file start-v5.cif (mmCIF, C-alpha atoms)
data_run
#
loop_
_atom_site.label_atom_id
_atom_site.label_comp_id
_atom_site.auth_asym_id
_atom_site.auth_seq_id
_atom_site.Cartn_x
_atom_site.Cartn_y
_atom_site.Cartn_z
CA MET A 1050 8.30 1.30 33.76
CA ALA A 1051 7.53 2.47 30.26
CA LEU A 1052 4.83 5.12 30.15
CA GLN A 1053 2.90 3.13 27.55
CA ASP A 1054 2.50 0.49 30.25
CA LYS A 1055 1.68 2.92 33.03
CA TYR A 1056 -1.12 4.43 30.94
CA ALA A 1057 -2.08 1.18 29.16
CA GLU A 1058 -5.59 1.25 30.63
CA LEU A 1059 -6.08 4.82 29.42
CA LEU A 1060 -4.87 4.01 25.90
CA GLN A 1061 -7.02 0.88 25.82
CA THR A 1062 -10.09 2.84 26.95
CA ALA A 1063 -9.42 5.53 24.35
CA THR A 1064 -9.34 2.83 21.68
CA THR A 1065 -12.53 1.23 23.01
CA LEU A 1066 -14.30 4.61 23.06
CA GLY A 1067 -13.33 5.08 19.42
CA VAL A 1068 -11.23 8.21 19.92
CA GLY A 1069 -10.51 9.44 16.39
CA ASN A 1070 -6.95 9.76 15.07
CA LEU A 1071 -5.65 8.36 18.33
CA ALA A 1072 -1.86 8.62 18.42
CA SER A 1073 0.65 8.26 21.22
CA THR A 1074 4.39 8.76 21.33
CA GLU A 1075 6.79 8.80 24.25
CA GLN A 1076 9.35 11.59 24.16
CA ALA A 1077 11.76 12.80 26.84
CA GLY A 1078 9.91 11.20 29.72
CA VAL A 1079 6.46 12.36 28.62
CA LEU A 1080 3.79 10.30 26.90
CA HIS A 1081 2.08 12.48 24.30
CA VAL A 1082 -1.43 11.32 23.42
CA SER A 1083 -3.67 13.05 20.91
CA GLY A 1084 -7.02 12.38 19.35
CA THR A 1085 -10.65 13.42 19.19
CA ALA A 1086 -13.18 12.04 21.65
CA ASN A 1087 -16.71 11.47 20.34
CA SER A 1088 -18.44 13.16 23.26
CA THR A 1089 -17.89 15.24 26.37
CA ALA A 1090 -18.74 12.14 28.42
CA ASP A 1091 -15.91 10.18 26.75
CA TYR A 1092 -13.54 13.09 27.32
CA ASP A 1093 -14.47 13.29 31.02
CA ALA A 1094 -14.07 9.51 31.37
CA LEU A 1095 -10.55 9.65 29.95
CA TRP A 1096 -9.56 12.51 32.26
CA ALA A 1097 -11.00 10.69 35.27
CA LEU A 1098 -8.91 7.68 34.30
CA TYR A 1099 -5.79 9.85 34.04
CA ALA A 1100 -6.40 11.18 37.56
CA LYS A 1101 -6.92 7.62 38.80
CA ILE A 1102 -3.72 6.24 37.25
CA ASP A 1103 -1.58 9.23 38.23
CA PRO A 1104 -2.93 10.64 41.51
CA ASN A 1105 -3.37 14.43 41.26
CA MET A 1106 -1.90 14.17 37.74
CA ALA A 1107 1.27 15.33 39.45
CA SER A 1108 3.95 13.33 37.62
CA GLY A 1109 3.90 15.58 34.55
CA ASP A 1110 4.50 12.50 32.39
CA LEU A 1111 1.34 12.63 30.30
CA MET A 1112 0.32 15.24 27.73
CA MET A 1113 -3.26 14.30 26.99
CA ASN A 1114 -4.11 16.59 24.09
CA ILE A 1115 -7.57 15.13 23.41
CA ASP A 1116 -10.28 17.36 22.06
CA ILE A 1117 -13.98 16.70 21.65
CA LYS A 1118 -15.58 16.15 18.30
CA ALA A 1119 -17.50 19.28 17.34
CA ASP A 1120 -18.10 20.47 13.81
CA ALA A 1121 -19.33 23.91 12.81
CA GLY A 1122 -22.98 24.19 13.80
CA ALA A 1123 -22.56 21.95 16.86
CA GLN A 1124 -24.33 22.93 20.06
CA LEU A 1125 -22.09 23.97 22.93
CA LYS A 1126 -22.96 24.41 26.57
CA VAL A 1127 -21.39 27.28 28.49
CA THR A 1128 -19.62 25.60 31.42
CA THR A 1129 -18.41 28.53 33.47
CA ASP A 1130 -18.60 28.09 37.26
CA SER A 1131 -21.50 30.54 37.53
CA SER A 1132 -20.49 33.71 35.72
CA ASN A 1133 -21.20 34.89 32.19
CA LEU A 1134 -18.82 33.97 29.39
CA ASN A 1135 -17.41 36.93 27.49
CA ILE A 1136 -17.74 36.96 23.73
CA ARG A 1137 -14.98 39.01 22.15
CA SER A 1138 -14.27 40.66 18.79
CA THR A 1139 -10.89 38.94 18.39
CA PRO A 1140 -9.52 35.61 19.71
CA SER A 1141 -7.70 37.19 22.65
CA THR A 1142 -8.46 38.66 26.05
CA GLU A 1143 -7.43 41.95 24.40
CA GLY A 1144 -10.49 41.71 22.16
CA GLU A 1145 -13.39 44.02 22.83
CA ILE A 1146 -16.34 42.36 24.58
CA VAL A 1147 -19.16 42.19 22.03
CA GLY A 1148 -21.54 39.99 23.98
CA LYS A 1149 -22.04 37.61 26.86
CA ALA A 1150 -23.32 34.06 27.15
CA ALA A 1151 -24.87 33.01 30.43
CA HIS A 1152 -23.81 30.03 32.53
CA ASP A 1153 -25.42 26.86 31.10
CA GLU A 1154 -26.59 28.73 27.98
CA ILE A 1155 -26.47 26.76 24.72
CA VAL A 1156 -24.56 28.42 21.89
CA THR A 1157 -23.60 27.33 18.37
CA LEU A 1158 -20.05 26.64 17.21
CA VAL A 1159 -19.04 28.70 14.18
CA GLU A 1160 -15.40 27.57 13.96
CA LYS A 1161 -12.62 26.19 16.13
CA THR A 1162 -10.29 29.12 15.69
CA ASP A 1163 -7.39 27.68 17.67
CA ASP A 1164 -6.63 25.57 20.74
CA SER A 1165 -8.09 28.04 23.18
CA TRP A 1166 -10.51 30.28 21.27
CA TRP A 1167 -13.64 29.24 19.42
CA LYS A 1168 -15.93 31.43 17.38
CA ILE A 1169 -19.50 31.03 18.62
CA LYS A 1170 -22.95 32.43 17.98
CA THR A 1171 -25.66 32.84 20.60
CA ALA A 1172 -29.38 32.34 20.08
CA ASP A 1173 -29.70 36.16 20.10
CA GLY A 1174 -27.31 36.37 17.14
CA GLU A 1175 -24.30 37.66 19.08
CA GLU A 1176 -21.20 36.33 17.35
CA GLY A 1177 -17.59 36.39 18.44
CA TYR A 1178 -14.76 34.54 20.15
CA ALA A 1179 -14.98 32.79 23.50
CA PHE A 1180 -12.52 30.83 25.60
CA ALA A 1181 -12.91 27.17 24.56
CA GLN A 1182 -12.20 25.90 28.05
CA TYR A 1183 -15.69 27.02 29.08
CA LEU A 1184 -17.48 25.42 26.13
CA SER A 1185 -18.53 21.77 26.15
CA PRO A 1186 -19.90 20.12 23.00
CA LEU A 1187 -23.28 18.51 23.69
CA MET B 560 -6.68 -44.82 -44.88
CA LYS B 561 -3.17 -43.76 -44.08
CA LEU B 562 -4.13 -40.14 -44.68
CA THR B 563 -7.11 -40.38 -42.29
CA LYS B 564 -4.87 -41.81 -39.58
CA LEU B 565 -2.38 -39.05 -40.11
CA LEU B 566 -5.09 -36.44 -39.96
CA MET B 567 -6.38 -37.87 -36.70
CA VAL B 568 -2.92 -37.77 -35.21
CA VAL B 569 -2.58 -34.17 -36.28
CA VAL B 570 -5.97 -33.24 -34.82
CA VAL B 571 -5.36 -35.04 -31.52
CA SER B 572 -1.91 -33.61 -31.03
CA ALA B 573 -3.12 -30.14 -31.99
CA THR B 574 -5.86 -30.40 -29.37
CA MET B 575 -3.38 -31.56 -26.76
CA LEU B 576 -1.05 -28.78 -27.70
CA PHE B 577 -3.87 -26.25 -27.45
CA VAL B 578 -4.98 -27.50 -24.04
CA SER B 579 -1.45 -27.54 -22.67
CA CYS B 580 -0.95 -23.99 -23.93
CA LYS B 581 -3.82 -22.69 -21.83
CA PRO B 582 -2.56 -22.23 -18.24
CA LYS B 583 -4.69 -23.74 -15.50
CA ASP B 584 -6.23 -21.48 -12.86
CA ALA B 585 -3.96 -22.94 -10.19
CA ASP B 586 -0.91 -22.16 -12.29
CA ILE B 587 -2.12 -18.61 -12.92
CA LYS B 588 -2.72 -18.13 -9.19
CA ALA B 589 0.81 -19.32 -8.43
CA ALA B 590 2.28 -17.08 -11.12
CA VAL B 591 0.36 -14.01 -9.90
CA GLU B 592 1.35 -14.66 -6.29
CA LYS B 593 4.97 -15.03 -7.34
CA ALA B 594 4.84 -11.76 -9.29
CA LEU B 595 3.27 -9.95 -6.34
CA SER B 596 5.76 -11.36 -3.83
CA ALA B 597 8.48 -9.18 -5.37
CA ASP B 598 6.85 -6.14 -3.72
CA PRO B 599 6.61 -6.41 0.09
CA SER B 600 3.89 -3.71 0.20
CA MET B 601 1.58 -6.20 -1.56
CA SER B 602 2.06 -8.95 1.01
CA GLY B 603 -1.44 -8.38 2.43
CA THR B 604 -3.21 -9.12 -0.85
CA THR B 605 -4.98 -12.35 -1.76
CA VAL B 606 -5.45 -13.91 -5.18
CA GLU B 607 -8.31 -16.06 -6.47
CA VAL B 608 -8.50 -17.30 -10.07
CA LYS B 609 -11.48 -18.72 -11.90
CA ASP B 610 -11.44 -19.37 -15.65
CA GLY B 611 -8.55 -16.99 -16.08
CA VAL B 612 -10.28 -14.15 -14.20
CA VAL B 613 -8.19 -12.97 -11.25
CA THR B 614 -9.97 -11.58 -8.18
CA MET B 615 -7.67 -9.58 -5.91
CA GLY B 616 -8.58 -9.17 -2.26
CA GLY B 617 -6.96 -8.34 1.04
CA GLU B 618 -5.42 -5.10 2.12
CA CYS B 619 -3.06 -2.72 0.33
CA LYS B 620 -1.10 -0.08 2.15
CA ASP B 621 -2.01 2.73 -0.30
CA ASP B 622 -3.70 3.53 -3.62
CA ALA B 623 -0.45 3.08 -5.55
CA CYS B 624 -0.16 -0.44 -4.17
CA LYS B 625 -3.76 -1.19 -5.16
CA ALA B 626 -3.26 0.04 -8.74
CA GLY B 627 0.14 -1.64 -8.89
CA CYS B 628 -1.01 -5.09 -7.86
CA GLU B 629 -3.81 -4.99 -10.43
CA LYS B 630 -1.32 -4.10 -13.14
CA ILE B 631 1.04 -6.87 -12.12
CA ALA B 632 -1.76 -9.45 -12.06
CA ALA B 633 -3.07 -8.31 -15.45
CA GLY B 634 0.41 -8.77 -16.92
CA VAL B 635 0.64 -12.45 -15.96
CA LYS B 636 0.26 -14.88 -18.85
CA GLY B 637 -3.19 -16.43 -19.12
CA VAL B 638 -4.99 -13.73 -17.12
CA LYS B 639 -8.12 -12.61 -18.95
CA SER B 640 -9.16 -9.85 -16.59
CA VAL B 641 -8.67 -8.66 -13.02
CA VAL B 642 -11.35 -7.85 -10.46
CA ASN B 643 -9.69 -5.57 -7.92
CA ASN B 644 -11.37 -5.93 -4.53
CA CYS B 645 -8.31 -4.80 -2.55
CA THR B 646 -9.03 -2.42 0.28
CA VAL B 647 -6.65 0.39 1.10
CA ALA B 648 -5.62 0.74 4.73
CA PRO B 649 -6.44 4.16 6.19
CA PRO B 650 -3.33 6.30 6.66
CA PRO B 651 -1.87 6.24 10.17
CA PRO B 652 -2.88 9.23 12.29
CA PRO B 653 -0.32 12.03 12.47
CA PRO B 654 1.90 12.01 15.56
CA PRO B 655 0.67 14.13 18.49
CA ALA B 656 1.16 17.83 17.70
CA SER B 657 2.25 18.47 21.28
CA LEU B 658 5.55 16.71 20.48
CA SER B 659 6.89 19.75 18.68
CA THR B 660 5.09 22.52 20.54
CA THR B 661 7.32 25.14 22.13
CA ILE B 662 6.36 27.81 24.62
CA ASP B 663 6.09 31.23 23.03
CA ALA B 664 4.35 34.45 23.98
CA THR B 665 1.04 33.17 22.57
CA LYS B 666 1.22 29.97 24.61
CA MET B 667 2.11 31.92 27.76
CA GLN B 668 -0.89 34.17 27.19
CA GLN B 669 -3.13 31.13 26.63
CA VAL B 670 -2.03 29.64 29.94
CA LYS B 671 -2.47 32.94 31.77
CA ASP B 672 -5.94 33.38 30.25
CA GLY B 673 -6.81 29.87 31.34
CA LEU B 674 -5.75 30.57 34.91
CA LYS B 675 -7.49 33.92 35.02
CA ASP B 676 -10.55 32.65 36.87
CA ILE B 677 -8.66 30.29 39.17
CA ALA B 678 -7.58 32.26 42.22
CA GLY B 679 -4.45 31.51 44.20
CA VAL B 680 -2.43 29.86 41.43
CA THR B 681 0.70 31.41 39.94
CA VAL B 682 2.61 30.34 36.85
CA GLU B 683 6.21 30.76 35.77
CA PHE B 684 7.71 29.49 32.54
CA VAL B 685 10.93 27.56 33.06
CA GLY B 686 12.51 25.98 29.98
CA ASP B 687 9.80 24.15 28.08
CA LYS B 688 7.47 23.90 31.07
CA ALA B 689 4.84 25.90 32.84
CA VAL B 690 5.61 25.67 36.56
CA LEU B 691 2.49 26.13 38.67
CA LYS B 692 2.26 26.88 42.34
CA GLY B 693 -0.60 27.41 44.73
CA GLU B 694 -3.53 25.81 46.48
CA VAL B 695 -6.26 24.24 44.34
CA THR B 696 -9.47 22.29 44.70
CA GLN B 697 -9.71 18.92 42.94
CA ALA B 698 -12.11 20.40 40.37
CA ASN B 699 -9.78 23.28 39.58
CA ARG B 700 -6.78 20.95 39.37
CA MET B 701 -8.63 19.03 36.67
CA LYS B 702 -9.49 22.27 34.85
CA ILE B 703 -5.87 23.42 34.96
CA MET B 704 -4.56 20.14 33.59
CA GLN B 705 -7.17 20.15 30.81
CA MET B 706 -6.37 23.73 29.93
CA LEU B 707 -2.61 22.99 29.78
CA ALA B 708 -3.20 19.92 27.62
CA ALA B 709 -5.47 21.88 25.26
CA ALA B 710 -2.71 24.48 24.93
CA LYS B 711 -0.17 21.62 24.47
CA VAL B 712 2.00 23.07 27.24
CA LEU B 713 4.10 20.72 29.38
CA SER B 714 3.86 21.41 33.07
CA ASP B 715 5.35 20.91 36.48
CA VAL B 716 2.48 20.85 38.95
CA SER B 717 4.43 19.47 41.91
CA GLY B 718 3.98 22.89 43.54
CA LEU B 719 0.19 22.63 43.50
CA THR B 720 -1.21 21.59 46.85
CA ASP B 721 -4.72 20.47 47.72
CA LYS B 722 -6.99 23.02 49.28
CA LYS B 723 -8.16 21.71 52.63
#
call {"tool": "encode", "arguments": {"input": "start-v5.cif", "output": "structure tokens"}}
result
Amino acid sequence: MALQDKYAELLQTATTLGVGNLASTEQAGVLHVSGTANSTADYDALWALYAKIDPNMASGDLMMNIDIKADAGAQLKVTTDSSNLNIRSTPSTEGEIVGKAAHDEIVTLVEKTDDSWWKIKTADGEEGYAFAQYLSPL
Amino acid sequence: MKLTKLLMVVVVSATMLFVSCKPKDADIKAAVEKALSADPSMSGTTVEVKDGVVTMGGECKDDACKAGCEKIAAGVKGVKSVVNNCTVAPPPPPPPASLSTTIDATKMQQVKDGLKDIAGVTVEFVGDKAVLKGEVTQANRMKIMQMLAAAKVLSDVSGLTDKK
């Protein structure tokens, strides 16, 4: 079965949700999907659908490179499990820790530096790089 | 008397000649459509003609097509002016960037950083894939997959088992 068919419901939902720049291409047994979801809720809905279509997401046949729309100045919620999020001087775990953001704290996006590091600013004025995985656009 | 008759004939035939010289709107429309049909990129455009004024509508694939179809229409005999209401289709989105992503030291570090807070999971890089092993909760499995997708790293997660 073609992967476009297997994930048809996901692609259809992404279209319905108005995912920006939605593109999908099948290559070497993997369906690559990219785009920008309008909200964290849309993003979560798409991932839930992925887990439903492919139990445990174990087939390794979908690369869902969807990010969430967030422009500079957007509010981000710190979504660590419970711990503080380190704010570093450079976009790397090698970077010196220049500040911390608490769990559930709201910070401001300065720039999306790369796939995994975003530059943020806290309400206290601490500015630096944090791991994007723990930041959810509001 | 004879001269008057002759004059009338001249006037009437001149009028007829003048009228027949002026193309009808329907003829202009056909001529414009024919001229546009030479370029397949203009197949989405529509043509309306009223009193020699051509109104272009429909969709063009790019700006060059929009400017081009206006020029072609303006060059058709009998066209007084062109109102260009063509819309330009937005460019198709670029193909997914993950298609051409390869695993390098930076990607490996990204994946390791992403797994830092998830205990009990190991990663090895085999070929173009991150091969993960260990026991995970459903929530952490989701986090891992999202992190790998954000890093555009292909994965083999068949070695991840559910934490009981």
call {"tool": "closest_atom_pairs", "arguments": {"input": "start-v5.cif", "of": "range 623-723 of chain B", "to": "range 1131-1148 of chain A", "cutoff": "9 Å", "atoms": "all atoms listed in the file", "output": "JSON lines"}}
result
{"residue": "B:Gln668", "atom": "CA", "partner": "A:Ser1141", "partner_atom": "CA", "distance": 8.7}
{"residue": "B:Gln669", "atom": "CA", "partner": "A:Ser1141", "partner_atom": "CA", "distance": 8.6}
{"residue": "B:Asp672", "atom": "CA", "partner": "A:Thr1142", "partner_atom": "CA", "distance": 7.2}
call {"tool": "resolve_selection", "arguments": {"input": "start-v5.cif", "expression": "the PyMOL selection byres ((chain A) within 9 of (chain B))", "output": "ChimeraX atom specification"}}
result
/A:1069-1076,1079,1081-1084,1096-1097,1100,1105-1116,1141-1142,1164-1165,1180,1182
call {"tool": "resolve_selection", "arguments": {"input": "start-v5.cif", "expression": "the PyMOL selection byres ((chain A and resi 1120) around 10)", "output": "PyMOL selection string"}}
result
chain A and resi 1117-1119+1121-1124+1157-1161+1186
call {"tool": "atom_distance", "arguments": {"input": "start-v5.cif", "atom1": "CA of Gly611 in chain B", "atom2": "CA of Gly637 in chain B"}}
result
6.2 Å
call {"tool": "closest_residue", "arguments": {"input": "start-v5.cif", "among": "A:Leu1187, A:Leu1052, A:Val1127, A:Ile1169", "to": "Leu1080 in chain A", "atoms": "all atoms listed in the file"}}
result
A:Leu1052
call {"tool": "build_atoms", "arguments": {"input": "start-v5.cif", "residues": "range 681-706 of chain B", "atoms": "N, CA, C and O atoms", "output": "compact mmCIF listing (two decimals), in the coordinates of the input"}}
result
# COMPACT_ATOMS: atom_id res chain seq x y z
N THR B 681 -0.23 30.61 40.73
CA THR B 681 0.70 31.41 39.94
C THR B 681 1.41 30.52 38.94
O THR B 681 1.50 29.30 39.14
N VAL B 682 1.88 31.11 37.86
CA VAL B 682 2.61 30.34 36.85
C VAL B 682 3.88 31.06 36.46
O VAL B 682 3.94 32.29 36.37
N GLU B 683 4.93 30.26 36.28
CA GLU B 683 6.21 30.76 35.77
C GLU B 683 6.58 29.84 34.62
O GLU B 683 6.22 28.65 34.65
N PHE B 684 7.30 30.35 33.64
CA PHE B 684 7.71 29.49 32.54
C PHE B 684 9.21 29.23 32.65
O PHE B 684 10.02 30.13 32.59
N VAL B 685 9.53 27.95 32.88
CA VAL B 685 10.93 27.56 33.06
C VAL B 685 11.25 26.54 31.98
O VAL B 685 10.65 25.45 31.95
N GLY B 686 12.17 26.89 31.08
CA GLY B 686 12.51 25.98 29.98
C GLY B 686 11.28 25.75 29.13
O GLY B 686 10.64 26.69 28.68
N ASP B 687 10.94 24.47 28.93
CA ASP B 687 9.80 24.15 28.08
C ASP B 687 8.54 23.86 28.90
O ASP B 687 7.58 23.30 28.41
N LYS B 688 8.60 24.26 30.20
CA LYS B 688 7.47 23.90 31.07
C LYS B 688 6.83 25.10 31.74
O LYS B 688 7.48 26.10 32.01
N ALA B 689 5.54 24.94 32.01
CA ALA B 689 4.84 25.90 32.84
C ALA B 689 4.91 25.34 34.26
O ALA B 689 4.50 24.21 34.51
N VAL B 690 5.48 26.11 35.16
CA VAL B 690 5.61 25.67 36.56
C VAL B 690 4.53 26.37 37.38
O VAL B 690 4.50 27.60 37.47
N LEU B 691 3.61 25.56 37.94
CA LEU B 691 2.49 26.13 38.67
C LEU B 691 2.65 25.94 40.17
O LEU B 691 3.13 24.91 40.63
N LYS B 692 2.21 26.95 40.88
CA LYS B 692 2.26 26.88 42.34
C LYS B 692 0.96 27.42 42.91
O LYS B 692 0.34 28.31 42.31
N GLY B 693 0.58 26.89 44.05
CA GLY B 693 -0.60 27.41 44.73
C GLY B 693 -1.46 26.31 45.30
O GLY B 693 -1.12 25.12 45.24
N GLU B 694 -2.58 26.75 45.88
CA GLU B 694 -3.53 25.81 46.48
C GLU B 694 -4.74 25.68 45.56
O GLU B 694 -5.30 26.68 45.14
N VAL B 695 -5.12 24.45 45.25
CA VAL B 695 -6.26 24.24 44.34
C VAL B 695 -7.24 23.19 44.86
O VAL B 695 -6.86 22.28 45.60
N THR B 696 -8.48 23.34 44.43
CA THR B 696 -9.47 22.29 44.70
C THR B 696 -9.26 21.20 43.65
O THR B 696 -8.62 21.43 42.62
N GLN B 697 -9.82 20.03 43.90
CA GLN B 697 -9.71 18.92 42.94
C GLN B 697 -10.29 19.31 41.58
O GLN B 697 -9.73 19.01 40.54
N ALA B 698 -11.44 20.01 41.63
CA ALA B 698 -12.11 20.40 40.37
C ALA B 698 -11.24 21.36 39.58
O ALA B 698 -11.10 21.22 38.36
N ASN B 699 -10.63 22.33 40.28
CA ASN B 699 -9.78 23.28 39.58
C ASN B 699 -8.50 22.64 39.08
O ASN B 699 -7.97 23.03 38.04
N ARG B 700 -7.98 21.65 39.83
CA ARG B 700 -6.78 20.95 39.37
C ARG B 700 -7.07 20.28 38.02
O ARG B 700 -6.27 20.37 37.09
N MET B 701 -8.23 19.67 37.93
CA MET B 701 -8.63 19.03 36.67
C MET B 701 -8.72 20.07 35.55
O MET B 701 -8.23 19.86 34.45
N LYS B 702 -9.33 21.20 35.85
CA LYS B 702 -9.49 22.27 34.85
C LYS B 702 -8.13 22.76 34.37
O LYS B 702 -7.93 22.99 33.17
N ILE B 703 -7.21 22.94 35.32
CA ILE B 703 -5.87 23.42 34.96
C ILE B 703 -5.17 22.43 34.03
O ILE B 703 -4.61 22.81 33.00
N MET B 704 -5.23 21.15 34.40
CA MET B 704 -4.56 20.14 33.59
C MET B 704 -5.17 20.07 32.19
O MET B 704 -4.46 19.92 31.20
N GLN B 705 -6.50 20.20 32.12
CA GLN B 705 -7.17 20.15 30.81
C GLN B 705 -6.80 21.37 29.96
O GLN B 705 -6.58 21.25 28.76
N MET B 706 -6.72 22.51 30.64
CA MET B 706 -6.37 23.73 29.93
C MET B 706 -4.93 23.63 29.38
O MET B 706 -4.65 23.98 28.23
